[in-house]
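Before any comments, here is the structure.
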Amino acid sequence: MKKILVTGGAGFIGSHLCKKLLDEGNDVLCIDNYFTGTKENISGLFKNTYFEAIRHDICFPLYVEVDEIYNLACPASPIHYQHDPVQTTKTTVHGAINMLGLAKRINARILQASTSEVYGDPDVHPQVESYWGNVNPIGPRSCYDEGKRCAETLFFDYNRQHNLDIKVVRIFNTYGPNMHPNDGRVVSNFIMQALTNKDITVYGNGEQTRSFCYIDDLVNGMMKMMSSEKAITGPINLGNPVEFKIIELAQMIIKLTNSKSKIINKGLPIDDPVRRRPDISKAKNDLDWEPNIDVIDGLKETIVYFKKQL
Ligand code: NAD
Ligand code: UDP
């Protein structure tokens, strides 16, 4: 039985990861400060004796003994990571230093939940891992983008300097149950608006694109990465390469919910990336991974979840 630490384990992705790790017979320790995660997301897991949770902010050192660490702690929604940008940089950078220091002391394998945001507003499309990105270092998204970039630097320096066993995945937009209804991200916003027949808020003209991966596919990819051979450090893109315009997503969600909502346009946030789609050749090749849940099926599951929340 492996002892596994999941930071940010009460969040959207973390709670699914904790559940899957428990289902596969591991001993799971969840660390979270509940900034954007909730106790409800993990309440069902306590019936398993091998699940425990500690309230802790990863900006402070942590002393535990585990075999593997998944470092997910960090708000992911632009609204939440911009709410306290200094704390976001502390979480991404100090948090990474603390978790890397822990991994080094106990000789644990450590996986970083990095992001497609390291590519910024990309001028290479689709995004390949070898592309260095186009990131504004001083804008409102920078606390997250540059924080995550610095975290990647730290991971690779710990690997080169201390031979630490690292894994870096760059996660593209992921959605599913356990997303916070007021999270502010596009899938949760549109579904909540559609279910309550409120206006669907498309930012800008809705021509910007994203590619949406269902949570189960992503968690499989993260676990495959963690169990890959040591030489595979990444960074590796994990996401669904099917690309949609945001306006198309709005129309799809209105149809799936039979909603009376109307689409309205609001201002486009500063530095909102115009196009985003992962090239997942590396994940296919190194991990034998690709997503297989169709976006319509994934959205239907997510709609069922949000209906229950209402
Ligand atoms: P989330 O906001 O639902 O979860 C993040 C969790 O981290 C929350 O439970 C929050 O309370 C916790 N947290 C935040 N700061 C913390 C701190 N200082 N100490 C301890 N806990 C802290 O977001 P998510 O979608 O589950 O994202 C999880 C990870 O995946 C994040 O690192 C995010 O950057 C990355 N990611 C997510 C997506 C996506 O589409 N969901 C895309 C790219 C990257
Ligand atoms: N978006 C939108 N309406 C919303 C929320 C988001 O049109 O109510 C757009 C946003 O401008 C971006 C895309 O949807 O172009 C994805 O936004 P999200 O915040 O989910 O994540 P991002 O990929 O920008 O980090």
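A note on labels: chains of the structure tokens are A, B, ... as shown, every chain counts residues from 1, and ligands are counted from 1 in their shown order.
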
Select from stretch 80-229 of chain A everything DSSP, run on the backbone, classes as strand (DSSP E or B), then give the selection as a PyMOL selection string. chain A and resi 109-115+120+127+134+166-171+174-175+200-203+209-211+213-214

Using only C-alpha atoms, determine which residues lie at most 8 Å from stretch 69-79 of chain A, disregarding the query and same-chain residues fewer than 3 positions distant; provide the list as a PyMOL selection string. chain A and resi 4-9+14+32+35-36+58+66+82-83+88+91-92+96+99+103+108-113+141+183-185

Please, could you write that set of residues out with N, CA, C and O atoms as a CSV table (one decimal), in the first residue's frame?
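Ended up saving to selection_21.csv:
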chain,number,residue,atom,x,y,z
A,4,ILE,N,0.2,8.3,-0.1
A,4,ILE,CA,0.2,9.3,-1.1
A,4,ILE,C,-0.4,10.6,-0.6
A,4,ILE,O,-1.5,10.7,0.0
A,5,LEU,N,0.4,11.7,-0.8
A,5,LEU,CA,0.0,13.1,-0.4
A,5,LEU,C,-0.6,13.8,-1.6
A,5,LEU,O,0.0,13.8,-2.6
A,6,VAL,N,-1.8,14.4,-1.4
A,6,VAL,CA,-2.4,15.2,-2.5
A,6,VAL,C,-2.6,16.6,-1.9
A,6,VAL,O,-3.5,16.8,-1.0
A,7,THR,N,-1.9,17.6,-2.4
A,7,THR,CA,-2.1,18.9,-1.9
A,7,THR,C,-3.2,19.5,-2.8
A,7,THR,O,-3.3,19.2,-4.0
A,8,GLY,N,-4.1,20.3,-2.2
A,8,GLY,CA,-5.3,20.8,-2.9
A,8,GLY,C,-6.3,19.7,-3.1
A,8,GLY,O,-7.1,19.7,-4.0
A,9,GLY,N,-6.3,18.7,-2.2
A,9,GLY,CA,-7.1,17.5,-2.4
A,9,GLY,C,-8.6,17.7,-2.2
A,9,GLY,O,-9.4,16.8,-2.6
A,14,GLY,N,-8.5,17.6,-7.3
A,14,GLY,CA,-7.9,16.9,-6.1
A,14,GLY,C,-8.8,15.9,-5.5
A,14,GLY,O,-8.5,14.7,-5.2
A,32,ASP,N,-5.2,20.7,2.5
A,32,ASP,CA,-5.9,21.8,1.8
A,32,ASP,C,-6.2,22.9,2.8
A,32,ASP,O,-6.4,22.7,4.0
A,35,PHE,N,-9.4,27.2,0.5
A,35,PHE,CA,-9.6,28.5,-0.1
A,35,PHE,C,-10.7,28.4,-1.2
A,35,PHE,O,-11.6,29.2,-1.3
A,36,THR,N,-10.5,27.5,-2.1
A,36,THR,CA,-11.5,27.3,-3.2
A,36,THR,C,-12.1,25.8,-3.1
A,36,THR,O,-13.1,25.6,-3.7
A,58,ILE,N,0.1,25.3,2.0
A,58,ILE,CA,1.4,24.8,1.6
A,58,ILE,C,2.5,25.9,1.5
A,58,ILE,O,3.7,25.6,1.2
A,66,VAL,N,5.6,10.2,3.2
A,66,VAL,CA,4.8,9.5,2.2
A,66,VAL,C,5.7,9.0,1.1
A,66,VAL,O,6.9,9.3,1.1
A,82,GLN,N,-7.0,35.7,-9.1
A,82,GLN,CA,-6.7,37.1,-9.1
A,82,GLN,C,-7.2,37.9,-7.9
A,82,GLN,O,-7.0,39.0,-7.7
A,83,HIS,N,-8.0,37.1,-7.1
A,83,HIS,CA,-8.6,37.7,-5.9
A,83,HIS,C,-7.5,38.2,-4.9
A,83,HIS,O,-7.5,39.3,-4.3
A,88,THR,N,-1.4,34.0,-4.5
A,88,THR,CA,-1.3,33.0,-5.6
A,88,THR,C,0.2,32.7,-6.0
A,88,THR,O,0.6,31.6,-6.1
A,91,THR,N,1.6,30.7,-3.2
A,91,THR,CA,1.2,29.3,-3.2
A,91,THR,C,2.0,28.5,-4.3
A,91,THR,O,2.5,27.4,-4.1
A,92,THR,N,2.1,29.2,-5.5
A,92,THR,CA,2.8,28.5,-6.6
A,92,THR,C,4.3,28.3,-6.4
A,92,THR,O,4.8,27.3,-6.6
A,96,ALA,N,5.6,25.3,-3.9
A,96,ALA,CA,6.5,24.3,-4.7
A,96,ALA,C,7.8,24.1,-3.9
A,96,ALA,O,8.2,22.9,-3.8
A,99,MET,N,7.0,21.8,-1.0
A,99,MET,CA,6.7,20.4,-1.4
A,99,MET,C,7.9,19.7,-2.0
A,99,MET,O,8.1,18.5,-1.8
A,103,ALA,N,9.7,16.4,-0.6
A,103,ALA,CA,10.0,15.3,-1.4
A,103,ALA,C,11.5,14.9,-1.3
A,103,ALA,O,11.9,13.7,-1.3
A,108,ALA,N,10.7,11.1,-2.0
A,108,ALA,CA,9.4,10.8,-2.6
A,108,ALA,C,9.4,11.3,-4.1
A,108,ALA,O,10.0,12.3,-4.4
A,109,ARG,N,8.6,10.6,-4.9
A,109,ARG,CA,8.4,11.0,-6.3
A,109,ARG,C,7.3,12.1,-6.2
A,109,ARG,O,6.4,12.0,-5.4
A,110,ILE,N,7.5,13.2,-7.0
A,110,ILE,CA,6.6,14.3,-6.8
A,110,ILE,C,6.1,14.8,-8.2
A,110,ILE,O,6.9,15.0,-9.1
A,111,LEU,N,4.7,15.0,-8.3
A,111,LEU,CA,4.1,15.4,-9.6
A,111,LEU,C,3.5,16.8,-9.4
A,111,LEU,O,2.8,17.1,-8.4
A,112,GLN,N,3.9,17.7,-10.4
A,112,GLN,CA,3.4,19.0,-10.3
A,112,GLN,C,2.2,19.2,-11.3
A,112,GLN,O,2.3,18.8,-12.5
A,113,ALA,N,1.1,19.8,-10.8
A,113,ALA,CA,-0.1,20.1,-11.7
A,113,ALA,C,0.2,21.5,-12.3
A,113,ALA,O,-0.1,22.5,-11.7
A,141,ARG,N,-3.1,38.2,-15.0
A,141,ARG,CA,-3.0,36.7,-15.0
A,141,ARG,C,-1.6,36.2,-14.6
A,141,ARG,O,-1.4,35.0,-14.4
A,183,ASP,N,-17.5,29.1,-9.1
A,183,ASP,CA,-16.1,29.1,-9.4
A,183,ASP,C,-15.6,30.2,-10.4
A,183,ASP,O,-14.5,30.7,-10.4
A,184,GLY,N,-16.6,30.6,-11.3
A,184,GLY,CA,-16.3,31.6,-12.3
A,184,GLY,C,-15.7,31.1,-13.6
A,184,GLY,O,-15.5,31.9,-14.5
A,185,ARG,N,-15.4,29.8,-13.6
A,185,ARG,CA,-14.9,29.3,-14.9
A,185,ARG,C,-16.0,29.0,-15.9
A,185,ARG,O,-17.2,29.0,-15.5

If you count only C-alpha atoms and all ligand atoms, which residues end up within 7 Å of ligand 2, as a list in words?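 The distance check yields Ser77, Pro78, Asn173, Gly184, Arg185, Val186, Val187, Asn189, Phe190, Thr201, Val202, Tyr203, Gly204, Gly206, Gln208, Thr209, Arg210, Ile246, Leu268, Pro269, Asp272 and Pro273 of chain A.
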
Selection file, C-alpha atoms, as a tab-separated table (two decimals), in the first residue's frame:
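New file result_7.tsv:
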chain	number	residue	atom	x	y	z
A	77	SER	CA	-10.15	29.92	-11.76
A	78	PRO	CA	-9.01	33.35	-13.02
A	173	ASN	CA	-9.16	23.17	-19.32
A	184	GLY	CA	-16.25	31.62	-12.28
A	185	ARG	CA	-14.86	29.25	-14.90
A	186	VAL	CA	-16.65	28.99	-18.19
A	187	VAL	CA	-18.23	25.51	-17.89
A	189	ASN	CA	-20.77	29.59	-15.20
A	190	PHE	CA	-22.62	28.56	-18.36
A	201	THR	CA	-22.26	35.63	-20.22
A	202	VAL	CA	-19.97	35.19	-23.21
A	203	TYR	CA	-16.88	37.33	-22.75
A	204	GLY	CA	-15.83	39.16	-25.91
A	206	GLY	CA	-16.99	34.24	-28.08
A	208	GLN	CA	-11.82	32.56	-28.58
A	209	THR	CA	-11.28	28.81	-28.28
A	210	ARG	CA	-10.62	26.25	-25.55
A	246	ILE	CA	-16.68	29.69	-26.45
A	268	LEU	CA	-13.14	40.22	-22.65
A	269	PRO	CA	-10.80	39.92	-19.64
A	272	ASP	CA	-7.52	36.25	-22.26
A	273	PRO	CA	-5.80	33.70	-24.56

When distances are computed from only C-alpha atoms, which of A:Ile200, A:Leu310, A:Leu164, A:Ile232 shows the smallest separation from A:Lys104? A:Leu164

Quick one, how far is atom CA of A:Gly101 from atom CA of A:Pro61?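 Rounded to one decimal, the two atoms are 8.5 Å apart.
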
Based on the backbone DSSP call, show me all residues of stretch 98-270 of chain A assigned helix (DSSP H, G or I), as a short mmCIF file (atom, residue, chain, number, x, y, z; two decimals) with C-alpha atoms, in the first residue's frame.
data_model
loop_
_atom_site.label_atom_id
_atom_site.label_comp_id
_atom_site.auth_asym_id
_atom_site.auth_seq_id
_atom_site.Cartn_x
_atom_site.Cartn_y
_atom_site.Cartn_z
CA ASN A 98 8.07 23.48 0.43
CA MET A 99 6.71 20.42 -1.36
CA LEU A 100 9.98 19.87 -3.25
CA GLY A 101 11.91 20.19 0.01
CA LEU A 102 9.60 17.62 1.57
CA ALA A 103 10.03 15.27 -1.41
CA LYS A 104 13.81 15.62 -1.20
CA ARG A 105 13.92 14.89 2.55
CA ILE A 106 11.76 11.76 2.30
CA SER A 116 -1.61 25.33 -20.31
CA GLU A 117 -1.35 28.91 -18.99
CA VAL A 118 2.45 28.52 -19.14
CA TYR A 119 1.94 29.04 -22.91
CA SER A 142 0.78 36.81 -14.32
CA CYS A 143 0.54 35.77 -10.65
CA TYR A 144 -0.73 32.41 -11.86
CA ASP A 145 1.07 32.06 -15.21
CA GLU A 146 4.48 33.18 -14.00
CA GLY A 147 4.02 31.42 -10.64
CA LYS A 148 3.36 28.14 -12.44
CA ARG A 149 6.30 28.76 -14.80
CA CYS A 150 8.59 29.39 -11.83
CA ALA A 151 7.29 26.21 -10.19
CA GLU A 152 8.26 24.27 -13.32
CA THR A 153 11.75 25.83 -13.13
CA LEU A 154 12.04 24.73 -9.51
CA PHE A 155 10.94 21.20 -10.34
CA PHE A 156 13.56 20.85 -13.08
CA ASP A 157 16.29 22.43 -10.90
CA TYR A 158 15.54 19.98 -8.05
CA ASN A 159 15.75 17.23 -10.64
CA ARG A 160 19.10 18.40 -12.07
CA GLN A 161 20.64 19.52 -8.76
CA HIS A 162 19.33 16.84 -6.39
CA VAL A 186 -16.65 28.99 -18.19
CA VAL A 187 -18.23 25.51 -17.89
CA SER A 188 -19.59 26.04 -14.37
CA ASN A 189 -20.77 29.59 -15.20
CA PHE A 190 -22.62 28.56 -18.36
CA ILE A 191 -24.27 25.49 -16.81
CA MET A 192 -25.41 27.39 -13.70
CA GLN A 193 -26.72 30.26 -15.86
CA ALA A 194 -28.51 27.85 -18.21
CA LEU A 195 -30.12 25.86 -15.39
CA ILE A 215 -12.19 14.95 -15.20
CA ASP A 216 -12.02 11.11 -15.34
CA ASP A 217 -9.78 11.23 -18.41
CA LEU A 218 -7.49 13.77 -16.75
CA VAL A 219 -7.15 11.81 -13.50
CA ASN A 220 -6.22 8.69 -15.51
CA GLY A 221 -3.53 10.68 -17.29
CA MET A 222 -2.12 12.09 -14.05
CA MET A 223 -1.92 8.63 -12.49
CA LYS A 224 -0.30 7.19 -15.62
CA MET A 225 2.28 9.96 -15.45
CA MET A 226 2.98 9.27 -11.77
CA ILE A 246 -16.68 29.69 -26.45
CA ILE A 247 -19.86 30.72 -28.29
CA GLU A 248 -20.25 27.10 -29.47
CA LEU A 249 -19.91 25.88 -25.88
CA ALA A 250 -22.68 28.31 -24.83
CA GLN A 251 -24.99 27.02 -27.57
CA MET A 252 -24.23 23.41 -26.69
CA ILE A 253 -25.04 23.94 -23.01
CA ILE A 254 -28.30 25.78 -23.79
CA LYS A 255 -29.36 22.82 -25.95
CA LEU A 256 -28.37 20.15 -23.42
CA THR A 257 -30.23 21.89 -20.59
#

Excluding same-chain residues fewer than 6 positions from A:Val295, what lies within 10 Å of it counting only C-alpha atoms, as a PyMOL selection string? chain A and resi 175+211-214+240+242+249+252+301

Could you take the residues named above and write them with N, CA and C atoms, as a PDB file, in the first residue's frame?
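Full text of out_38.pdb as output:
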ATOM      1  N   TYR A 175     -13.091  19.874 -16.763  1.00  0.00           N
ATOM      2  CA  TYR A 175     -14.392  20.173 -16.162  1.00  0.00           C
ATOM      3  C   TYR A 175     -15.018  18.887 -15.653  1.00  0.00           C
ATOM      4  N   SER A 211     -10.222  23.876 -25.268  1.00  0.00           N
ATOM      5  CA  SER A 211     -10.432  22.444 -25.487  1.00  0.00           C
ATOM      6  C   SER A 211     -10.719  21.848 -24.119  1.00  0.00           C
ATOM      7  N   PHE A 212     -11.819  21.115 -23.997  1.00  0.00           N
ATOM      8  CA  PHE A 212     -12.297  20.728 -22.671  1.00  0.00           C
ATOM      9  C   PHE A 212     -12.141  19.229 -22.419  1.00  0.00           C
ATOM     10  N   CYS A 213     -11.479  18.919 -21.319  1.00  0.00           N
ATOM     11  CA  CYS A 213     -11.204  17.523 -20.965  1.00  0.00           C
ATOM     12  C   CYS A 213     -12.063  17.127 -19.768  1.00  0.00           C
ATOM     13  N   TYR A 214     -12.700  15.946 -19.837  1.00  0.00           N
ATOM     14  CA  TYR A 214     -13.515  15.495 -18.711  1.00  0.00           C
ATOM     15  C   TYR A 214     -12.604  14.971 -17.596  1.00  0.00           C
ATOM     16  N   ASN A 240      -7.888  17.522 -23.752  1.00  0.00           N
ATOM     17  CA  ASN A 240      -8.638  16.966 -24.873  1.00  0.00           C
ATOM     18  C   ASN A 240      -8.410  17.857 -26.097  1.00  0.00           C
ATOM     19  N   VAL A 242      -9.947  18.309 -28.779  1.00  0.00           N
ATOM     20  CA  VAL A 242     -11.094  18.804 -29.554  1.00  0.00           C
ATOM     21  C   VAL A 242     -11.368  20.253 -29.133  1.00  0.00           C
ATOM     22  N   LEU A 249     -19.682  26.532 -27.174  1.00  0.00           N
ATOM     23  CA  LEU A 249     -19.912  25.883 -25.876  1.00  0.00           C
ATOM     24  C   LEU A 249     -21.223  26.398 -25.267  1.00  0.00           C
ATOM     25  N   MET A 252     -24.124  24.822 -27.045  1.00  0.00           N
ATOM     26  CA  MET A 252     -24.226  23.406 -26.693  1.00  0.00           C
ATOM     27  C   MET A 252     -24.900  23.239 -25.330  1.00  0.00           C
ATOM     28  N   GLU A 301     -23.009  14.654 -17.672  1.00  0.00           N
ATOM     29  CA  GLU A 301     -22.682  14.261 -16.280  1.00  0.00           C
ATOM     30  C   GLU A 301     -22.554  15.500 -15.391  1.00  0.00           C
TER      31      GLU A 301
END

So that I can check the surroundings of A:Glu229, please list as number ranges by chain every protein, DNA and RNA residue that reaches within 12 Å of it, counting only C-alpha atoms and ignoring chain neighbours fewer than 6 positions away. A: 109, 165-167, 286-287

Any chance you could export the current selection's C-alpha atoms as a PDB file, in the first residue's frame?
ATOM      1  CA  ARG A 109       8.362  11.024  -6.266  1.00  0.00           C
ATOM      2  CA  ASP A 165      12.214  12.106  -9.123  1.00  0.00           C
ATOM      3  CA  ILE A 166       9.866  14.664 -10.731  1.00  0.00           C
ATOM      4  CA  LYS A 167       6.826  14.589 -13.018  1.00  0.00           C
ATOM      5  CA  ASP A 286       5.141   8.251 -23.450  1.00  0.00           C
ATOM      6  CA  LEU A 287       2.053   7.308 -21.417  1.00  0.00           C
TER       7      LEU A 287
END

Among listed residues A:Val128, A:Ala10, A:Leu21, A:Ile280, nearest ligand 1 (using only C-alpha atoms and all ligand atoms):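 Among the listed residues, the smallest separation from ligand 1 belongs to A:Ala10.
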
Which residue gives the smallest distance to ligand 1 among A:His94, A:Lys2, A:Lys20, A:Lys230, with only C-alpha atoms and all ligand atoms counted?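 Using only C-alpha atoms and all ligand atoms, ligand 1 sits closest to A:His94.
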
Using only C-alpha atoms and all ligand atoms, which of the listed residues (A:Arg55, A:Arg277, A:His125, A:Lys260) sits closest to ligand 1?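 The closest residue to ligand 1 is A:Arg55.
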
Nearest candidate to A:Pro177 (options A:Phe46, A:Tyr34, A:Tyr305, A:Phe244; using only C-alpha atoms): A:Tyr305

Within 10 Å of A:Pro126, counting only C-alpha atoms, which residues qualify if same-chain residues fewer than 5 places away don't, as a PyMOL selection string? chain A and resi 131+241+243+275-280

Work out how far apart atom CA of A:Thr89 and atom 17 (C, counted along the ligand's line) of ligand 1 are and give it in Å to one decimal.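 Distance reported for this atom pair: 10.5 Å.
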
Which neighbours of A:Gly25 fall inside 10 Å, counting only C-alpha atoms, when residues of the same chain fewer than 6 positions from it are skipped, and could you give them as a PyMOL selection string? chain A and resi 1-3+48+50

Pick from A:Asn26, A:Asn178, A:Ser228, A:Asn107, whichever lies nearest to ligand 1 using only C-alpha atoms and all ligand atoms: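 For ligand 1, the nearest of the given residues is A:Asn178.
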
Could you check how far atom 4 (O, counted along the ligand's line) of ligand 1 sits from atom CA of A:Gln87, in Å to one decimal?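 Those two atoms sit 14.3 Å apart.
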